[in-house]
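Chemist: Okay, handing you the structure first.
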Amino acid sequence: MKKIFALALLASLILASCSSNDNDNGPAANTLSFESTEITINENAGTVTFPVRLSGNVEGGFTVNFETRDGTATQPGDYTSNTGTLTFNGNNGERQNIVVNINEDTFREDTEDFIVALSGISTNQIDIDPATATGLILDDIDLSGNLLSSGSSANDILTNSNFDRLLVQIAYVDGFRPTQQTIANFSAYLSERTFKQDIEIDFLELDSPEEETLTLQEIADLESENRTAYNNGTNTMAIYIYFADSPSDGDDLDRGLVTLGAVYRNTSMVIFEQTIRTLSSRSGIPLTDVETATLNHEFGHLFGLVDLGTVPVNDHEDILRDADGNPILDENGNEQGNNHCNVDGCLMQAQLTFQAPAALRAFMASTKEEIVSACSLSGIAMIRLLEDRAARGLSTVPNLDAECILDLQNNGGR
């Protein structure tokens with residue numbers, strides 16, 4: 001009986017020994033881990049560091065591989081991918097760092113994430129736990145520079161003093177994108193009148209807001225929801241242009257009271273593309289010509305014309321008039337300018353605004369929107385101008401006159 005008990009005890013010890021030897025060949029209590037499984041950084045931080053720490057001692061040291069993986073943040077736009085190998089001497093508490101470059105852009109975005117992962121460790125004496133960490137990139141765009149009054153950023157658009165790059169975001173409702181030739185004409189206009197060497201046109205397709213008409217406040221609200229391009233504070237000036245599939249609120253096509261475009265902030269404007277297409281088809285003036293004339297006129301106000309941030313060298317600003325065509329005087333009895341040119345044939349001439357016809361001027365005065373346009377471009381007046389120029393054999397789209405060009409040059413433009 002004692003012999004049997006001794007044999008059983010010996011067998012138990014042998015099994016225990018074998019079990020212990022098996023554990024020696026498997027994972028040990030030593031751990032390699034990210035110090036933090038989630039690190040938050042601002043988009044303008046430049047880099048982010050992920051510390052990896054060893055708990056326990058590993059004789060002879062070891063290596064482990066790492067790599068970055070896209071989440072909602074993607075490389076190379078949001079961050080720069082990074083792969084490599086960390087080498088540890090094997091000392092308890094030892095730490096090695098993984099550094100990832102963060103790339104700042106001019107687009108407003110939600111918080112985005114990417115992953116850093118460990119793999120391929122050279123020893124079986126260590127557990128990796130946790131094997132991944134997440135980087136959260138916070139958007140740092142300051143919107144204040146794009147929420148100023150119309151014309152107030154004229155010098156920044158015209159010169160390279162503060163921004164040497166111009167980013168124009170063309171936001172358009174699906175089916176209402178401007179023609180390719182219009183964009184080519186517009187790009188040439190910007191290059192002709194500014195000193196910006198780096199001009200980029202970025203397209204943003206949007207769903208229809210499903211509105212019968214749009215007020216300026218509604219357009220500004222849509223901008224807040226959809227605009228992604230803003231000044232980045234270092235080298236990029238961003239402009240937002242919305243091509244709408246609805247007419248302006250208050251338009252009356254039968255009476256000729258229609259709006260082609262409007263500026264409402266220093267880097268914001270709307271083009272009523274549906275109205276432009278309707279008038280173009282009725283008049284026979286090519287769509288590209290109506291789009292180009294409208295874009296160039298409205299952008300002239302972002303250039304600060306006329307006396308809207310770019311001071312006239314010589315007096316060539318027209319005046320406000322009432323429904324009977326009489327000058328509107330201020331509280332001191334002085335005539336008031338209307339931020340449009342009085343030179344016949346100029347792209348910025350006053351006859352293109354809603355002062356003609358006078359009935360529409362009265363309507364505009366009665367509106368009480370939170371956001372007011374520095375210019376509401378009259379569709380009928382524009383079509384008549386383009387038809388007249390075409391009939392006389394002139395270039396259909398008018399140019400800036402000499403006085404407006406002189407003003408731009410005086411404010412740093414070409």
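Ordering of the structure tokens sets the chain letters (A, B, ...); residue numbers start at 1 within each chain; ligands are numbered from 1 in the order shown.
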What lies within 9 Å of segment 158-173 of chain A using only C-alpha atoms, ignoring chain neighbours under 6 positions off, as number ranges by chain?

Modeler: A: 106, 190, 193-209, 223, 226-231, 233-245, 273, 303, 408-409, 411-414

Chemist: Please return, as a ChimeraX atom specification, all residues of segment 199-385 of chain A that DSSP assigns to strand (DSSP E) on the basis of the backbone.

Modeler: /A:199-206,236-243,259-265,268-271,317-319,337-341,375-378

Chemist: Those residues with N, CA and C atoms, as a short mmCIF file (atom, residue, chain, number, x, y, z; two decimals), in the first residue's frame please?

Modeler:
```cif
data_model
loop_
_atom_site.label_atom_id
_atom_site.label_comp_id
_atom_site.auth_asym_id
_atom_site.auth_seq_id
_atom_site.Cartn_x
_atom_site.Cartn_y
_atom_site.Cartn_z
N ILE A 199 -3.24 78.61 -56.69
CA ILE A 199 -4.70 78.72 -56.63
C ILE A 199 -5.29 77.34 -56.88
N GLU A 200 -6.08 76.87 -55.92
CA GLU A 200 -6.70 75.55 -56.04
C GLU A 200 -8.21 75.67 -56.00
N ILE A 201 -8.88 74.97 -56.91
CA ILE A 201 -10.34 74.90 -56.92
C ILE A 201 -10.74 73.52 -56.40
N ASP A 202 -11.48 73.50 -55.31
CA ASP A 202 -11.91 72.26 -54.69
C ASP A 202 -13.43 72.15 -54.82
N PHE A 203 -13.92 70.99 -55.29
CA PHE A 203 -15.35 70.81 -55.51
C PHE A 203 -15.96 69.97 -54.40
N LEU A 204 -17.14 70.40 -53.94
CA LEU A 204 -17.85 69.72 -52.86
C LEU A 204 -19.30 69.52 -53.31
N GLU A 205 -19.66 68.28 -53.63
CA GLU A 205 -21.03 67.98 -54.07
C GLU A 205 -21.94 67.80 -52.86
N LEU A 206 -23.08 68.46 -52.88
CA LEU A 206 -24.01 68.43 -51.76
C LEU A 206 -25.40 67.97 -52.20
N THR A 236 -2.89 79.75 -46.20
CA THR A 236 -4.01 79.52 -47.10
C THR A 236 -5.20 80.39 -46.78
N MET A 237 -5.64 81.17 -47.78
CA MET A 237 -6.90 81.91 -47.71
C MET A 237 -7.96 81.07 -48.42
N ALA A 238 -9.07 80.80 -47.73
CA ALA A 238 -10.11 79.93 -48.28
C ALA A 238 -11.37 80.71 -48.60
N ILE A 239 -11.96 80.43 -49.75
CA ILE A 239 -13.19 81.07 -50.22
C ILE A 239 -14.25 79.98 -50.40
N TYR A 240 -15.51 80.31 -50.08
CA TYR A 240 -16.62 79.37 -50.23
C TYR A 240 -17.65 79.96 -51.18
N ILE A 241 -17.99 79.21 -52.25
CA ILE A 241 -19.00 79.64 -53.22
C ILE A 241 -20.03 78.52 -53.36
N TYR A 242 -21.27 78.85 -53.09
CA TYR A 242 -22.35 77.86 -53.12
C TYR A 242 -23.20 78.04 -54.37
N PHE A 243 -23.32 76.99 -55.18
CA PHE A 243 -24.16 76.98 -56.37
C PHE A 243 -25.47 76.29 -56.01
N THR A 259 -32.49 87.13 -58.89
CA THR A 259 -31.12 87.31 -58.40
C THR A 259 -30.20 86.24 -58.98
N LEU A 260 -29.06 86.65 -59.49
CA LEU A 260 -28.08 85.69 -60.00
C LEU A 260 -27.06 85.30 -58.94
N GLY A 261 -26.69 86.25 -58.10
CA GLY A 261 -25.67 85.95 -57.10
C GLY A 261 -25.66 86.98 -56.00
N ALA A 262 -24.96 86.69 -54.91
CA ALA A 262 -24.85 87.62 -53.80
C ALA A 262 -23.63 87.28 -52.96
N VAL A 263 -22.97 88.32 -52.45
CA VAL A 263 -21.91 88.13 -51.46
C VAL A 263 -22.49 88.49 -50.10
N TYR A 264 -22.07 87.78 -49.04
CA TYR A 264 -22.62 88.07 -47.73
C TYR A 264 -21.59 88.01 -46.62
N ARG A 265 -20.36 87.60 -46.93
CA ARG A 265 -19.26 87.66 -45.97
C ARG A 265 -17.97 87.88 -46.73
N SER A 268 -17.42 84.51 -48.54
CA SER A 268 -18.62 83.70 -48.83
C SER A 268 -19.49 84.37 -49.88
N MET A 269 -19.98 83.57 -50.81
CA MET A 269 -20.91 84.07 -51.81
C MET A 269 -21.78 82.93 -52.32
N VAL A 270 -22.91 83.29 -52.91
CA VAL A 270 -23.83 82.30 -53.46
C VAL A 270 -24.10 82.64 -54.92
N ILE A 271 -24.18 81.62 -55.73
CA ILE A 271 -24.58 81.75 -57.13
C ILE A 271 -25.88 80.96 -57.28
N GLU A 317 -17.70 105.71 -57.65
CA GLU A 317 -18.75 104.91 -57.04
C GLU A 317 -20.11 105.55 -57.30
N ASP A 318 -21.06 104.75 -57.72
CA ASP A 318 -22.42 105.22 -57.93
C ASP A 318 -23.11 105.41 -56.58
N ILE A 319 -24.33 105.93 -56.60
CA ILE A 319 -25.03 106.26 -55.36
C ILE A 319 -26.34 105.48 -55.23
N GLY A 337 -23.00 106.02 -51.18
CA GLY A 337 -22.50 105.14 -52.22
C GLY A 337 -23.17 103.78 -52.17
N ASN A 338 -23.12 103.06 -53.28
CA ASN A 338 -23.77 101.73 -53.34
C ASN A 338 -22.79 100.60 -53.66
N ASN A 339 -21.48 100.91 -53.55
CA ASN A 339 -20.43 99.90 -53.76
C ASN A 339 -20.42 99.33 -55.16
N HIS A 340 -20.87 100.12 -56.12
CA HIS A 340 -20.80 99.73 -57.53
C HIS A 340 -20.26 100.89 -58.36
N CYS A 341 -19.73 100.54 -59.51
CA CYS A 341 -19.04 101.50 -60.37
C CYS A 341 -20.04 102.32 -61.20
N CYS A 375 -24.26 92.93 -52.27
CA CYS A 375 -24.68 93.02 -53.67
C CYS A 375 -25.64 91.88 -53.97
N SER A 376 -26.77 92.22 -54.58
CA SER A 376 -27.67 91.20 -55.12
C SER A 376 -27.77 91.47 -56.62
N LEU A 377 -27.20 90.57 -57.37
CA LEU A 377 -27.02 90.81 -58.80
C LEU A 377 -28.30 90.53 -59.57
N SER A 378 -28.79 91.54 -60.30
CA SER A 378 -30.03 91.43 -61.06
C SER A 378 -29.86 90.57 -62.30
#
```

Chemist: Please indicate the distance in Å from atom CA of Val48 of chain A to atom CA of Asn232 of chain A, rounded to one decimal place.

Modeler: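 Those two atoms sit 19.9 Å apart.
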
Chemist: Taking into account only C-alpha atoms, which residue in the set A:Ile328, A:Ser33, A:Pro398, A:Gln274 is nearest to Asp174 of chain A?

Modeler: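 Smallest separation from Asp174 of chain A among the options: A:Gln274.
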
Chemist: Which neighbours of Cys404 of chain A fall inside 12 Å, counting only C-alpha atoms, when residues of the same chain fewer than 6 positions from it are skipped, and could you give them as an NGL selection string?

Modeler: :A and (193 or 297 or 300-301 or 303-308 or 310-317 or 339-343 or 345-349 or 410-411 or 413-414)

Chemist: Using only C-alpha atoms, which protein or nucleic acid residues come within 9 Å of segment 53-67 of chain A? Drop anything in the same chain fewer than 6 positions from it, and give the result as a PyMOL selection string.

Modeler: chain A and resi 29-35+81-98+115-123+125-126

Chemist: Could those residues be written to a file, using N, CA, C and O atoms, as a CSV table (one decimal), in the first residue's frame?

Modeler:
```csv
chain,number,residue,atom,x,y,z
A,29,ALA,N,5.0,36.4,-17.2
A,29,ALA,CA,4.3,37.5,-16.6
A,29,ALA,C,4.8,38.9,-17.1
A,29,ALA,O,4.1,39.9,-16.9
A,30,ASN,N,6.0,38.9,-17.7
A,30,ASN,CA,6.5,40.2,-18.3
A,30,ASN,C,5.5,40.7,-19.3
A,30,ASN,O,4.9,40.0,-20.1
A,31,THR,N,5.3,42.0,-19.3
A,31,THR,CA,4.3,42.7,-20.2
A,31,THR,C,4.9,43.9,-20.9
A,31,THR,O,5.6,44.7,-20.3
A,32,LEU,N,4.6,44.0,-22.2
A,32,LEU,CA,4.9,45.1,-23.0
A,32,LEU,C,3.6,45.8,-23.3
A,32,LEU,O,2.7,45.2,-23.8
A,33,SER,N,3.5,47.1,-23.1
A,33,SER,CA,2.2,47.8,-23.3
A,33,SER,C,2.4,49.2,-23.7
A,33,SER,O,3.4,49.8,-23.4
A,34,PHE,N,1.4,49.7,-24.3
A,34,PHE,CA,1.3,51.2,-24.5
A,34,PHE,C,0.9,51.8,-23.2
A,34,PHE,O,0.1,51.3,-22.4
A,35,GLU,N,1.6,52.9,-22.9
A,35,GLU,CA,1.3,53.6,-21.6
A,35,GLU,C,-0.1,54.2,-21.6
A,35,GLU,O,-0.7,54.3,-20.5
A,81,SER,N,1.9,57.9,-42.4
A,81,SER,CA,2.0,56.5,-41.9
A,81,SER,C,3.5,56.3,-41.5
A,81,SER,O,4.4,56.8,-41.9
A,82,ASN,N,3.6,55.3,-40.5
A,82,ASN,CA,4.9,55.1,-39.9
A,82,ASN,C,5.0,53.6,-39.5
A,82,ASN,O,4.0,53.0,-38.9
A,83,THR,N,6.0,52.9,-40.0
A,83,THR,CA,6.3,51.5,-39.6
A,83,THR,C,7.7,51.4,-39.1
A,83,THR,O,8.6,52.2,-39.6
A,84,GLY,N,8.0,50.5,-38.3
A,84,GLY,CA,9.4,50.3,-37.9
A,84,GLY,C,9.6,49.3,-36.8
A,84,GLY,O,8.7,48.5,-36.5
A,85,THR,N,10.7,49.3,-36.1
A,85,THR,CA,11.0,48.3,-35.1
A,85,THR,C,11.6,49.0,-33.8
A,85,THR,O,12.4,49.9,-34.0
A,86,LEU,N,11.1,48.6,-32.7
A,86,LEU,CA,11.6,49.2,-31.4
A,86,LEU,C,12.5,48.1,-30.8
A,86,LEU,O,12.2,46.9,-30.8
A,87,THR,N,13.6,48.6,-30.3
A,87,THR,CA,14.6,47.7,-29.7
A,87,THR,C,14.7,48.0,-28.2
A,87,THR,O,15.0,49.1,-27.8
A,88,PHE,N,14.5,46.9,-27.4
A,88,PHE,CA,14.5,47.0,-25.9
A,88,PHE,C,15.7,46.3,-25.4
A,88,PHE,O,16.1,45.2,-25.8
A,89,ASN,N,16.4,46.9,-24.4
A,89,ASN,CA,17.5,46.2,-23.7
A,89,ASN,C,17.0,45.1,-22.7
A,89,ASN,O,17.8,44.2,-22.3
A,90,GLY,N,15.7,45.2,-22.4
A,90,GLY,CA,15.1,44.2,-21.5
A,90,GLY,C,15.1,44.5,-20.0
A,90,GLY,O,14.9,43.7,-19.2
A,91,ASN,N,15.2,45.8,-19.7
A,91,ASN,CA,15.2,46.3,-18.3
A,91,ASN,C,13.8,46.7,-17.9
A,91,ASN,O,13.1,47.4,-18.6
A,92,ASN,N,13.5,46.3,-16.7
A,92,ASN,CA,12.1,46.7,-16.1
A,92,ASN,C,11.9,48.2,-16.1
A,92,ASN,O,12.8,48.9,-15.7
A,93,GLY,N,10.8,48.6,-16.7
A,93,GLY,CA,10.5,50.0,-16.7
A,93,GLY,C,11.0,50.7,-17.9
A,93,GLY,O,10.8,52.0,-18.1
A,94,GLU,N,11.7,50.0,-18.8
A,94,GLU,CA,12.3,50.6,-20.0
A,94,GLU,C,11.2,51.1,-20.9
A,94,GLU,O,10.1,50.5,-21.0
A,95,ARG,N,11.4,52.3,-21.6
A,95,ARG,CA,10.4,52.8,-22.4
A,95,ARG,C,11.0,53.2,-23.8
A,95,ARG,O,12.1,53.8,-23.8
A,96,GLN,N,10.3,52.9,-24.8
A,96,GLN,CA,10.6,53.4,-26.2
A,96,GLN,C,9.4,54.1,-26.8
A,96,GLN,O,8.3,53.9,-26.4
A,97,ASN,N,9.7,55.1,-27.7
A,97,ASN,CA,8.6,55.9,-28.2
A,97,ASN,C,8.4,55.7,-29.7
A,97,ASN,O,9.3,55.5,-30.5
A,98,ILE,N,7.1,55.7,-30.0
A,98,ILE,CA,6.7,55.7,-31.4
A,98,ILE,C,6.2,57.1,-31.8
A,98,ILE,O,5.2,57.6,-31.1
A,115,ILE,N,-4.8,54.2,-35.7
A,115,ILE,CA,-4.4,53.2,-34.8
A,115,ILE,C,-2.9,53.0,-34.9
A,115,ILE,O,-2.3,53.1,-36.0
A,116,VAL,N,-2.2,52.7,-33.8
A,116,VAL,CA,-0.8,52.3,-33.8
A,116,VAL,C,-0.8,50.9,-33.2
A,116,VAL,O,-1.4,50.7,-32.1
A,117,ALA,N,-0.2,49.9,-33.9
A,117,ALA,CA,-0.3,48.5,-33.4
A,117,ALA,C,1.1,47.9,-33.3
A,117,ALA,O,2.0,48.2,-34.1
A,118,LEU,N,1.3,47.1,-32.3
A,118,LEU,CA,2.5,46.3,-32.0
A,118,LEU,C,2.3,44.9,-32.5
A,118,LEU,O,1.3,44.3,-32.3
A,119,SER,N,3.4,44.3,-33.1
A,119,SER,CA,3.3,42.9,-33.5
A,119,SER,C,4.8,42.4,-33.7
A,119,SER,O,5.7,43.1,-33.7
A,120,GLY,N,4.9,41.1,-33.9
A,120,GLY,CA,6.2,40.5,-34.3
A,120,GLY,C,7.2,40.6,-33.3
A,120,GLY,O,8.4,40.9,-33.6
A,121,ILE,N,6.9,40.4,-32.0
A,121,ILE,CA,7.9,40.4,-30.9
A,121,ILE,C,8.9,39.3,-31.0
A,121,ILE,O,8.5,38.2,-31.4
A,122,SER,N,10.1,39.5,-30.7
A,122,SER,CA,11.2,38.5,-31.0
A,122,SER,C,11.4,37.5,-29.8
A,122,SER,O,12.3,36.7,-29.9
A,123,THR,N,10.6,37.6,-28.8
A,123,THR,CA,10.7,36.7,-27.6
A,123,THR,C,9.3,36.2,-27.2
A,123,THR,O,8.3,36.8,-27.4
A,125,GLN,N,8.8,35.5,-24.1
A,125,GLN,CA,8.8,35.7,-22.6
A,125,GLN,C,7.9,36.9,-22.2
A,125,GLN,O,7.9,37.3,-21.0
A,126,ILE,N,7.3,37.5,-23.2
A,126,ILE,CA,6.5,38.7,-22.9
A,126,ILE,C,5.1,38.6,-23.5
A,126,ILE,O,4.9,38.2,-24.6
```

Chemist: Report the residues of segment 234-294 of chain A whose backbone DSSP state falls under helix (DSSP H, G or I), written as a VMD selection string.

Modeler: chain A and resid 253 to 255 273 to 283 287 to 294

Chemist: So how far away is atom CA of Leu295 of chain A from atom CA of Val258 of chain A, in Å?

Modeler: 15.9 Å

Chemist: What's around Thr213 of chain A at 6 Å? Count only C-alpha atoms, leave out sequence neighbours fewer than 2 positions away in its own chain, and write the answer as a PyMOL selection string.

Modeler: chain A and resi 211+246-249

Chemist: Hey, which of A:Asp330, A:Gly46, A:Ser373, A:Thr182 ends up closest to Leu216 of chain A? Count only C-alpha atoms.

Modeler: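 Of all the options, A:Ser373 lies closest to Leu216 of chain A.
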